[in-house]
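Enquirer: mmCIF, C-alpha atoms, saved as final.cif, coming up:
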data_data
loop_
_atom_site.group_PDB
_atom_site.id
_atom_site.type_symbol
_atom_site.label_atom_id
_atom_site.label_comp_id
_atom_site.auth_asym_id
_atom_site.auth_seq_id
_atom_site.Cartn_x
_atom_site.Cartn_y
_atom_site.Cartn_z
ATOM 1 C CA SER A 1327 -5.245 -8.385 -45.494
ATOM 2 C CA VAL A 1328 -4.150 -6.046 -42.713
ATOM 3 C CA THR A 1329 -0.633 -6.394 -41.291
ATOM 4 C CA MET A 1330 -0.288 -5.747 -37.555
ATOM 5 C CA PRO A 1331 2.446 -3.355 -36.388
ATOM 6 C CA VAL A 1332 5.688 -5.095 -35.458
ATOM 7 C CA ILE A 1333 5.269 -4.017 -31.812
ATOM 8 C CA MET A 1334 1.966 -5.887 -31.665
ATOM 9 C CA GLN A 1335 3.304 -9.099 -33.184
ATOM 10 C CA GLN A 1336 4.402 -11.790 -30.775
ATOM 11 C CA THR A 1337 7.887 -12.123 -32.219
ATOM 12 C CA PRO A 1338 10.602 -13.705 -30.059
ATOM 13 C CA GLU A 1339 12.281 -10.311 -29.645
ATOM 14 C CA VAL A 1340 9.069 -8.597 -28.536
ATOM 15 C CA MET A 1341 8.304 -11.432 -26.135
ATOM 16 C CA ARG A 1342 11.827 -11.271 -24.691
ATOM 17 C CA LYS A 1343 11.596 -7.513 -24.091
ATOM 18 C CA THR A 1344 8.107 -7.862 -22.624
ATOM 19 C CA LYS A 1345 9.292 -10.521 -20.165
ATOM 20 C CA SER A 1346 12.332 -8.478 -19.191
ATOM 21 C CA THR A 1347 10.305 -5.310 -18.632
ATOM 22 C CA GLY A 1348 7.510 -7.134 -16.819
ATOM 23 C CA ALA A 1349 9.939 -8.889 -14.489
ATOM 24 C CA MET A 1350 11.762 -5.645 -13.696
ATOM 25 C CA LEU A 1351 8.546 -3.735 -12.940
ATOM 26 C CA SER A 1352 7.235 -6.607 -10.829
ATOM 27 C CA ASN A 1353 10.451 -6.732 -8.801
ATOM 28 C CA ILE A 1354 10.416 -2.973 -8.227
ATOM 29 C CA GLY A 1355 6.763 -2.950 -7.194
ATOM 30 C CA PHE A 1356 6.868 -5.907 -4.820
ATOM 31 C CA ALA A 1357 10.271 -5.063 -3.334
ATOM 32 C CA GLY A 1358 9.354 -1.406 -2.822
ATOM 33 C CA LEU A 1359 5.922 -2.010 -1.347
ATOM 34 C CA GLY A 1360 6.970 -5.070 0.653
ATOM 35 C CA CYS A 1361 9.941 -3.347 2.253
ATOM 36 C CA LEU A 1362 7.962 -0.138 2.861
ATOM 37 C CA PHE A 1363 5.114 -1.913 4.633
ATOM 38 C CA PHE A 1364 7.248 -4.309 6.644
ATOM 39 C CA ALA A 1365 9.886 -1.731 7.602
ATOM 40 C CA THR A 1366 7.326 0.737 8.954
ATOM 41 C CA ALA A 1367 5.582 -2.034 10.906
ATOM 42 C CA ILE A 1368 8.896 -3.097 12.448
ATOM 43 C CA ARG A 1369 9.966 0.476 13.193
ATOM 44 C CA MET A 1370 6.791 1.506 14.969
ATOM 45 C CA GLN A 1371 5.823 -1.909 16.392
ATOM 46 C CA HIS A 1372 2.294 -0.590 16.811
ATOM 47 C CA VAL A 1373 0.943 -4.099 16.436
ATOM 48 C CA TRP A 1374 1.902 -4.609 20.109
ATOM 49 C CA ASP A 1375 0.978 -1.166 21.433
ATOM 50 C CA PRO A 1376 -1.047 1.489 19.565
ATOM 51 C CA CYS A 1377 1.266 4.131 21.013
ATOM 52 C CA GLY A 1378 4.072 2.607 18.998
ATOM 53 C CA ILE A 1379 3.055 5.223 16.421
ATOM 54 C CA VAL A 1380 5.206 7.704 18.365
ATOM 55 C CA SER A 1381 8.059 6.245 16.278
ATOM 56 C CA HIS A 1382 6.412 7.456 13.077
ATOM 57 C CA PRO A 1383 9.008 9.395 11.019
ATOM 58 C CA THR A 1384 6.738 12.450 10.747
ATOM 59 C CA LEU A 1385 6.848 13.022 14.519
ATOM 60 C CA LYS A 1386 10.164 14.847 14.481
ATOM 61 C CA ALA A 1387 10.054 16.226 18.048
ATOM 62 C CA GLY A 1388 9.160 12.823 19.421
ATOM 63 C CA LEU A 1389 6.757 11.739 22.134
ATOM 64 C CA SER A 1390 7.159 8.988 24.676
ATOM 65 C CA VAL A 1391 4.718 6.108 24.950
ATOM 66 C CA ALA A 1392 3.611 7.525 28.308
ATOM 67 C CA GLU A 1393 2.900 10.918 26.723
ATOM 68 C CA CYS A 1394 1.008 9.215 23.889
ATOM 69 C CA ASN A 1395 -1.180 7.419 26.418
ATOM 70 C CA THR A 1396 -1.803 10.728 28.191
ATOM 71 C CA VAL A 1397 -3.014 12.308 24.940
ATOM 72 C CA PHE A 1398 -5.430 9.498 24.103
ATOM 73 C CA LEU A 1399 -6.697 8.936 27.635
ATOM 74 C CA HIS A 1400 -7.252 12.653 28.168
ATOM 75 C CA ALA A 1401 -9.183 13.162 24.915
ATOM 76 C CA PRO A 1402 -12.533 11.784 26.228
ATOM 77 C CA THR A 1403 -12.548 14.342 29.059
ATOM 78 C CA ALA A 1404 -13.486 16.983 26.471
ATOM 79 C CA LEU A 1405 -17.029 15.600 26.729
ATOM 80 C CA GLN A 1406 -19.282 15.220 29.742
ATOM 81 C CA GLY A 1407 -21.795 12.679 31.019
ATOM 82 C CA GLU A 1408 -22.705 9.615 28.976
ATOM 83 C CA LYS A 1409 -20.855 11.018 25.962
ATOM 84 C CA GLN A 1410 -17.592 10.687 27.856
ATOM 85 C CA GLY A 1411 -18.087 6.930 28.118
ATOM 86 C CA VAL A 1412 -18.760 6.731 24.372
ATOM 87 C CA ALA A 1413 -15.671 8.867 23.758
ATOM 88 C CA LYS A 1414 -13.574 6.378 25.721
ATOM 89 C CA ASP A 1415 -14.948 3.593 23.534
ATOM 90 C CA LEU A 1416 -14.076 5.683 20.481
ATOM 91 C CA VAL A 1417 -10.456 5.888 21.642
ATOM 92 C CA ALA A 1418 -10.487 2.120 22.202
ATOM 93 C CA VAL A 1419 -11.773 1.571 18.646
ATOM 94 C CA ALA A 1420 -9.029 3.870 17.330
ATOM 95 C CA ALA A 1421 -6.443 1.826 19.247
ATOM 96 C CA THR A 1422 -7.802 -1.431 17.815
ATOM 97 C CA THR A 1423 -7.772 0.064 14.326
ATOM 98 C CA ILE A 1424 -4.154 1.159 14.715
ATOM 99 C CA ARG A 1425 -3.085 -2.328 15.817
ATOM 100 C CA SER A 1426 -5.107 -3.996 13.048
ATOM 101 C CA GLU A 1427 -3.495 -1.689 10.462
ATOM 102 C CA ALA A 1428 -0.085 -2.639 11.839
ATOM 103 C CA ALA A 1429 -0.864 -6.361 11.564
ATOM 104 C CA MET A 1430 -2.063 -6.001 7.966
ATOM 105 C CA ARG A 1431 0.932 -3.811 7.094
ATOM 106 C CA ALA A 1432 3.356 -6.431 8.449
ATOM 107 C CA GLY A 1433 1.497 -9.247 6.694
ATOM 108 C CA LEU A 1434 1.338 -7.440 3.366
ATOM 109 C CA GLY A 1435 5.001 -6.541 3.690
ATOM 110 C CA LEU A 1436 6.046 -10.154 4.238
ATOM 111 C CA GLY A 1437 3.719 -11.277 1.443
ATOM 112 C CA GLY A 1438 5.242 -8.770 -0.964
ATOM 113 C CA ILE A 1439 8.773 -9.862 -0.119
ATOM 114 C CA TYR A 1440 7.840 -13.543 -0.454
ATOM 115 C CA SER A 1441 6.359 -12.835 -3.891
ATOM 116 C CA LEU A 1442 9.850 -12.030 -5.145
ATOM 117 C CA TYR A 1443 10.699 -15.736 -4.841
ATOM 118 C CA LEU A 1444 7.967 -16.643 -7.342
ATOM 119 C CA PRO A 1445 8.420 -16.516 -11.142
ATOM 120 C CA TRP A 1446 7.151 -13.074 -12.124
ATOM 121 C CA GLN A 1447 4.562 -14.544 -14.522
ATOM 122 C CA LYS A 1448 2.963 -16.364 -11.587
ATOM 123 C CA ARG A 1449 2.588 -13.122 -9.609
ATOM 124 C CA ALA A 1450 -0.143 -11.671 -11.837
ATOM 125 C CA PRO A 1451 -3.057 -12.065 -9.364
ATOM 126 C CA LEU A 1452 -0.884 -10.744 -6.519
ATOM 127 C CA ALA A 1453 0.372 -7.879 -8.656
ATOM 128 C CA PHE A 1454 -3.199 -6.776 -9.339
ATOM 129 C CA ALA A 1455 -4.236 -7.109 -5.680
ATOM 130 C CA TYR A 1456 -1.169 -5.278 -4.357
ATOM 131 C CA GLY A 1457 -1.556 -2.665 -7.079
ATOM 132 C CA VAL A 1458 -5.095 -1.891 -5.892
ATOM 133 C CA ILE A 1459 -3.970 -1.742 -2.252
ATOM 134 C CA ALA A 1460 -1.092 0.589 -3.117
ATOM 135 C CA LEU A 1461 -3.333 2.809 -5.257
ATOM 136 C CA LEU A 1462 -5.908 3.218 -2.490
ATOM 137 C CA GLN A 1463 -3.114 3.898 -0.001
ATOM 138 C CA ALA A 1464 -1.683 6.526 -2.341
ATOM 139 C CA PHE A 1465 -5.112 8.175 -2.627
ATOM 140 C CA VAL A 1466 -5.412 8.363 1.172
ATOM 141 C CA GLN A 1467 -1.922 9.830 1.453
ATOM 142 C CA ALA A 1468 -2.545 12.274 -1.389
ATOM 143 C CA ASN A 1469 -5.795 13.346 0.263
ATOM 144 C CA ASP A 1470 -3.995 13.939 3.558
ATOM 145 C CA ALA A 1471 -1.395 15.968 1.652
ATOM 146 C CA GLY A 1472 -4.154 18.059 0.070
ATOM 147 C CA PHE A 1473 -3.852 16.773 -3.518
ATOM 148 C CA ALA A 1474 -6.890 14.490 -3.698
ATOM 149 C CA PRO A 1475 -9.841 16.290 -2.091
ATOM 150 C CA PHE A 1476 -12.246 13.840 -3.764
ATOM 151 C CA PHE A 1477 -10.988 10.984 -1.574
ATOM 152 C CA GLY A 1478 -12.449 11.940 1.799
ATOM 153 C CA ASN A 1479 -11.122 14.286 4.461
ATOM 154 C CA SER A 1480 -9.326 14.334 7.816
ATOM 155 C CA ALA A 1481 -10.130 17.127 10.237
ATOM 156 C CA TRP A 1482 -7.147 16.077 12.358
ATOM 157 C CA MET A 1483 -4.524 16.709 9.650
ATOM 158 C CA THR A 1484 -1.630 19.085 10.355
ATOM 159 C CA VAL A 1485 0.663 20.979 7.994
ATOM 160 C CA ASN A 1486 3.737 19.018 9.113
ATOM 161 C CA VAL A 1487 2.183 15.597 8.505
ATOM 162 C CA ALA A 1488 0.654 16.731 5.199
ATOM 163 C CA GLU A 1489 4.067 17.794 3.903
ATOM 164 C CA GLN A 1490 5.713 14.531 4.940
ATOM 165 C CA THR A 1491 2.869 12.466 3.470
ATOM 166 C CA THR A 1492 3.474 13.882 -0.018
ATOM 167 C CA LYS A 1493 6.700 11.884 -0.371
ATOM 168 C CA ALA A 1494 5.024 8.691 0.826
ATOM 169 C CA ALA A 1495 2.165 9.170 -1.648
ATOM 170 C CA LEU A 1496 4.589 9.471 -4.579
ATOM 171 C CA LEU A 1497 6.515 6.345 -3.560
ATOM 172 C CA THR A 1498 3.339 4.309 -3.078
ATOM 173 C CA LEU A 1499 1.950 5.519 -6.418
ATOM 174 C CA VAL A 1500 5.146 4.476 -8.228
ATOM 175 C CA CYS A 1501 4.927 0.997 -6.679
ATOM 176 C CA SER A 1502 1.274 0.744 -7.700
ATOM 177 C CA ALA A 1503 2.050 1.765 -11.291
ATOM 178 C CA CYS A 1504 4.848 -0.822 -11.509
ATOM 179 C CA LEU A 1505 2.585 -3.589 -10.214
ATOM 180 C CA PHE A 1506 -0.278 -2.758 -12.574
ATOM 181 C CA ALA A 1507 2.141 -2.558 -15.513
ATOM 182 C CA SER A 1508 3.694 -5.937 -14.670
ATOM 183 C CA TRP A 1509 0.217 -7.432 -14.361
ATOM 184 C CA ALA A 1510 -0.757 -6.066 -17.759
ATOM 185 C CA LEU A 1511 2.446 -7.431 -19.344
ATOM 186 C CA THR A 1512 2.006 -10.959 -17.990
ATOM 187 C CA PRO A 1513 1.772 -13.321 -20.998
ATOM 188 C CA ALA A 1514 -1.615 -15.013 -20.833
ATOM 189 C CA ASP A 1515 -0.330 -18.122 -22.620
ATOM 190 C CA GLU A 1516 2.359 -18.722 -19.964
ATOM 191 C CA ASP A 1517 0.030 -18.519 -17.001
ATOM 192 C CA LYS A 1518 -3.556 -18.991 -18.061
ATOM 193 C CA SER A 1519 -4.688 -19.247 -14.452
ATOM 194 C CA ALA A 1520 -3.266 -15.800 -13.692
ATOM 195 C CA LYS A 1521 -5.874 -13.911 -15.677
ATOM 196 C CA THR A 1522 -9.465 -14.485 -16.635
ATOM 197 C CA SER A 1523 -10.197 -13.700 -20.264
ATOM 198 C CA LEU A 1524 -13.735 -13.025 -21.428
ATOM 199 C CA LYS A 1525 -14.536 -14.154 -24.949
ATOM 200 C CA LEU A 1526 -17.417 -12.454 -26.738
ATOM 201 C CA GLU A 1527 -19.070 -14.495 -29.408
#
How does this structure look as structure tokens?
Expert:
Amino acid sequence: SVTMPVIMQQTPEVMRKTKSTGAMLSNIGFAGLGCLFFATAIRMQHVWDPCGIVSHPTLKAGLSVAECNTVFLHAPTALQGEKQGVAKDLVAVAATTIRSEAAMRAGLGLGGIYSLYLPWQKRAPLAFAYGVIALLQAFVQANDAGFAPFFGNSAWMTVNVAEQTTKAALLTLVCSACLFASWALTPADEDKSAKTSLKLE
């Protein structure tokens, strides 16, 4: 017979340490991501007005809402004729996208904070979902910062924003890693509905 390593055996001590580590990682991931998303949504308030993004921390010099509107409303004038009308629609789509992102950011933030009130074993599906969201967000941020060229491109990126985005990418990646780790450590026997196991016969 083959004896499994002690670390692999479900002894009470191993289970206790697994629960403690899983709970800690889950708390860090959900608290970090929840507060990050909700705080930025509250700070910029771009769910009400797309030009709320002037409060973004990377805009050190600062622009007023009126100046922001001038920038976006003036952009379509770079084109002439029918294209100018399409350009105006493009700006409108960008504004809608900004507000939609703000709404989702606020919702995800509140959802992440609420998750902290649940037993950590019950958070497994949420931990996986939030982990994926955070990972994709980190890839976008890393791409903007110049570290993940495989994940698209942004011709509008500036050096200042790229430098500031590096810190955000690291924080988001840490939150993602914590959430995935807590998901992986969730005991299947304590919450069978949290994970789907495939049995091969």
Enquirer: Applying 9 Å and all atoms listed in the file, which residues near segment 1439-1447 of chain A remain after dropping the ones on its own chain fewer than 6 positions away? List them as a PDB file with C-alpha atoms, keeping the file's coordinate frame.
Expert:
ATOM      1  CA  LYS A1345       9.292 -10.521 -20.165  1.00  0.00           C
ATOM      2  CA  GLY A1348       7.510  -7.134 -16.819  1.00  0.00           C
ATOM      3  CA  ALA A1349       9.939  -8.889 -14.489  1.00  0.00           C
ATOM      4  CA  MET A1350      11.762  -5.645 -13.696  1.00  0.00           C
ATOM      5  CA  SER A1352       7.235  -6.607 -10.829  1.00  0.00           C
ATOM      6  CA  ASN A1353      10.451  -6.732  -8.801  1.00  0.00           C
ATOM      7  CA  PHE A1356       6.868  -5.907  -4.820  1.00  0.00           C
ATOM      8  CA  ALA A1357      10.271  -5.063  -3.334  1.00  0.00           C
ATOM      9  CA  GLY A1358       9.354  -1.406  -2.822  1.00  0.00           C
ATOM     10  CA  LEU A1359       5.922  -2.010  -1.347  1.00  0.00           C
ATOM     11  CA  GLY A1360       6.970  -5.070   0.653  1.00  0.00           C
ATOM     12  CA  CYS A1361       9.941  -3.347   2.253  1.00  0.00           C
ATOM     13  CA  PHE A1364       7.248  -4.309   6.644  1.00  0.00           C
ATOM     14  CA  SER A1508       3.694  -5.937 -14.670  1.00  0.00           C
ATOM     15  CA  TRP A1509       0.217  -7.432 -14.361  1.00  0.00           C
ATOM     16  CA  LEU A1511       2.446  -7.431 -19.344  1.00  0.00           C
ATOM     17  CA  THR A1512       2.006 -10.959 -17.990  1.00  0.00           C
ATOM     18  CA  PRO A1513       1.772 -13.321 -20.998  1.00  0.00           C
ATOM     19  CA  ALA A1514      -1.615 -15.013 -20.833  1.00  0.00           C
ATOM     20  CA  GLU A1516       2.359 -18.722 -19.964  1.00  0.00           C
ATOM     21  CA  ASP A1517       0.030 -18.519 -17.001  1.00  0.00           C
ATOM     22  CA  ALA A1520      -3.266 -15.800 -13.692  1.00  0.00           C
TER      23      ALA A1520
END
Enquirer: Which neighbours of Ala1494 of chain A fall inside 9 Å, counting all atoms listed in the file, when residues of the same chain fewer than 4 positions from it are skipped, and could you give them as an MDAnalysis selection string?
Expert: chainID A and resid 1464 1467:1468 1490 1498:1499
Enquirer: Counting only C-alpha atoms, write as a list in words all protein and nucleic acid residues lying at most 9 Å from (1.0, -5.5, 9.3) in the file's frame.
Expert: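 Applying the cut-off with only C-alpha atoms, one gets Phe1363, Phe1364, Thr1366, Ala1367, Ile1368, Val1373, Arg1425, Ser1426, Glu1427, Ala1428, Ala1429, Met1430, Arg1431, Ala1432, Gly1433, Leu1434, Gly1435 and Leu1436 of chain A.
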Enquirer: Mind dumping the selected residues with C-alpha atoms as an mmCIF file, in the coordinates of the input?
Expert:
data_model
loop_
_atom_site.group_PDB
_atom_site.id
_atom_site.type_symbol
_atom_site.label_atom_id
_atom_site.label_comp_id
_atom_site.auth_asym_id
_atom_site.auth_seq_id
_atom_site.Cartn_x
_atom_site.Cartn_y
_atom_site.Cartn_z
ATOM 1 C CA PHE A 1363 5.114 -1.913 4.633
ATOM 2 C CA PHE A 1364 7.248 -4.309 6.644
ATOM 3 C CA THR A 1366 7.326 0.737 8.954
ATOM 4 C CA ALA A 1367 5.582 -2.034 10.906
ATOM 5 C CA ILE A 1368 8.896 -3.097 12.448
ATOM 6 C CA VAL A 1373 0.943 -4.099 16.436
ATOM 7 C CA ARG A 1425 -3.085 -2.328 15.817
ATOM 8 C CA SER A 1426 -5.107 -3.996 13.048
ATOM 9 C CA GLU A 1427 -3.495 -1.689 10.462
ATOM 10 C CA ALA A 1428 -0.085 -2.639 11.839
ATOM 11 C CA ALA A 1429 -0.864 -6.361 11.564
ATOM 12 C CA MET A 1430 -2.063 -6.001 7.966
ATOM 13 C CA ARG A 1431 0.932 -3.811 7.094
ATOM 14 C CA ALA A 1432 3.356 -6.431 8.449
ATOM 15 C CA GLY A 1433 1.497 -9.247 6.694
ATOM 16 C CA LEU A 1434 1.338 -7.440 3.366
ATOM 17 C CA GLY A 1435 5.001 -6.541 3.690
ATOM 18 C CA LEU A 1436 6.046 -10.154 4.238
#
Enquirer: Hey, can you check how far atom CA of Ala1474 of chain A sits from atom CA of Leu1362 of chain A?
Expert: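 Computing the Euclidean distance for atom CA of Ala1474 of chain A and atom CA of Leu1362 of chain A yields 21.9 Å.
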Enquirer: Hey, which of A:Cys1377, A:Leu1399, A:Thr1384, A:Ala1455 ends up closest to Leu1416 of chain A? Count only C-alpha atoms.
Expert: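 Using only C-alpha atoms, Leu1416 of chain A sits closest to A:Leu1399.
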Enquirer: Between atom CA of Val1391 of chain A and atom CA of Met1370 of chain A, what is the spacing in Å?
Expert: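 The value is 11.2 Å.
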Enquirer: May I ask for the distance between atom CA of Ala1365 of chain A and atom CA of Pro1475 of chain A, given in Å to one decimal place?
Expert: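 Those two atoms sit 28.4 Å apart.
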Enquirer: Here is a test: counting all atoms listed in the file, which residue of A:Val1487, A:Leu1496, A:Ile1459, A:Ala1507 is nearest to His1382 of chain A?
Expert: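 Among A:Val1487, A:Leu1496, A:Ile1459, A:Ala1507, it is A:Val1487 that comes nearest to His1382 of chain A.
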Enquirer: The PyMOL selection byres ((chain A and resi 1506) around 9) on the file shown: which residues, as a list of chain:residue names?
Expert: A:Leu1351, A:Ser1352, A:Gly1355, A:Ala1450, A:Ala1453, A:Phe1454, A:Tyr1456, A:Gly1457, A:Val1458, A:Cys1501, A:Ser1502, A:Ala1503, A:Cys1504, A:Leu1505, A:Ala1507, A:Ser1508, A:Trp1509, A:Ala1510, A:Leu1511
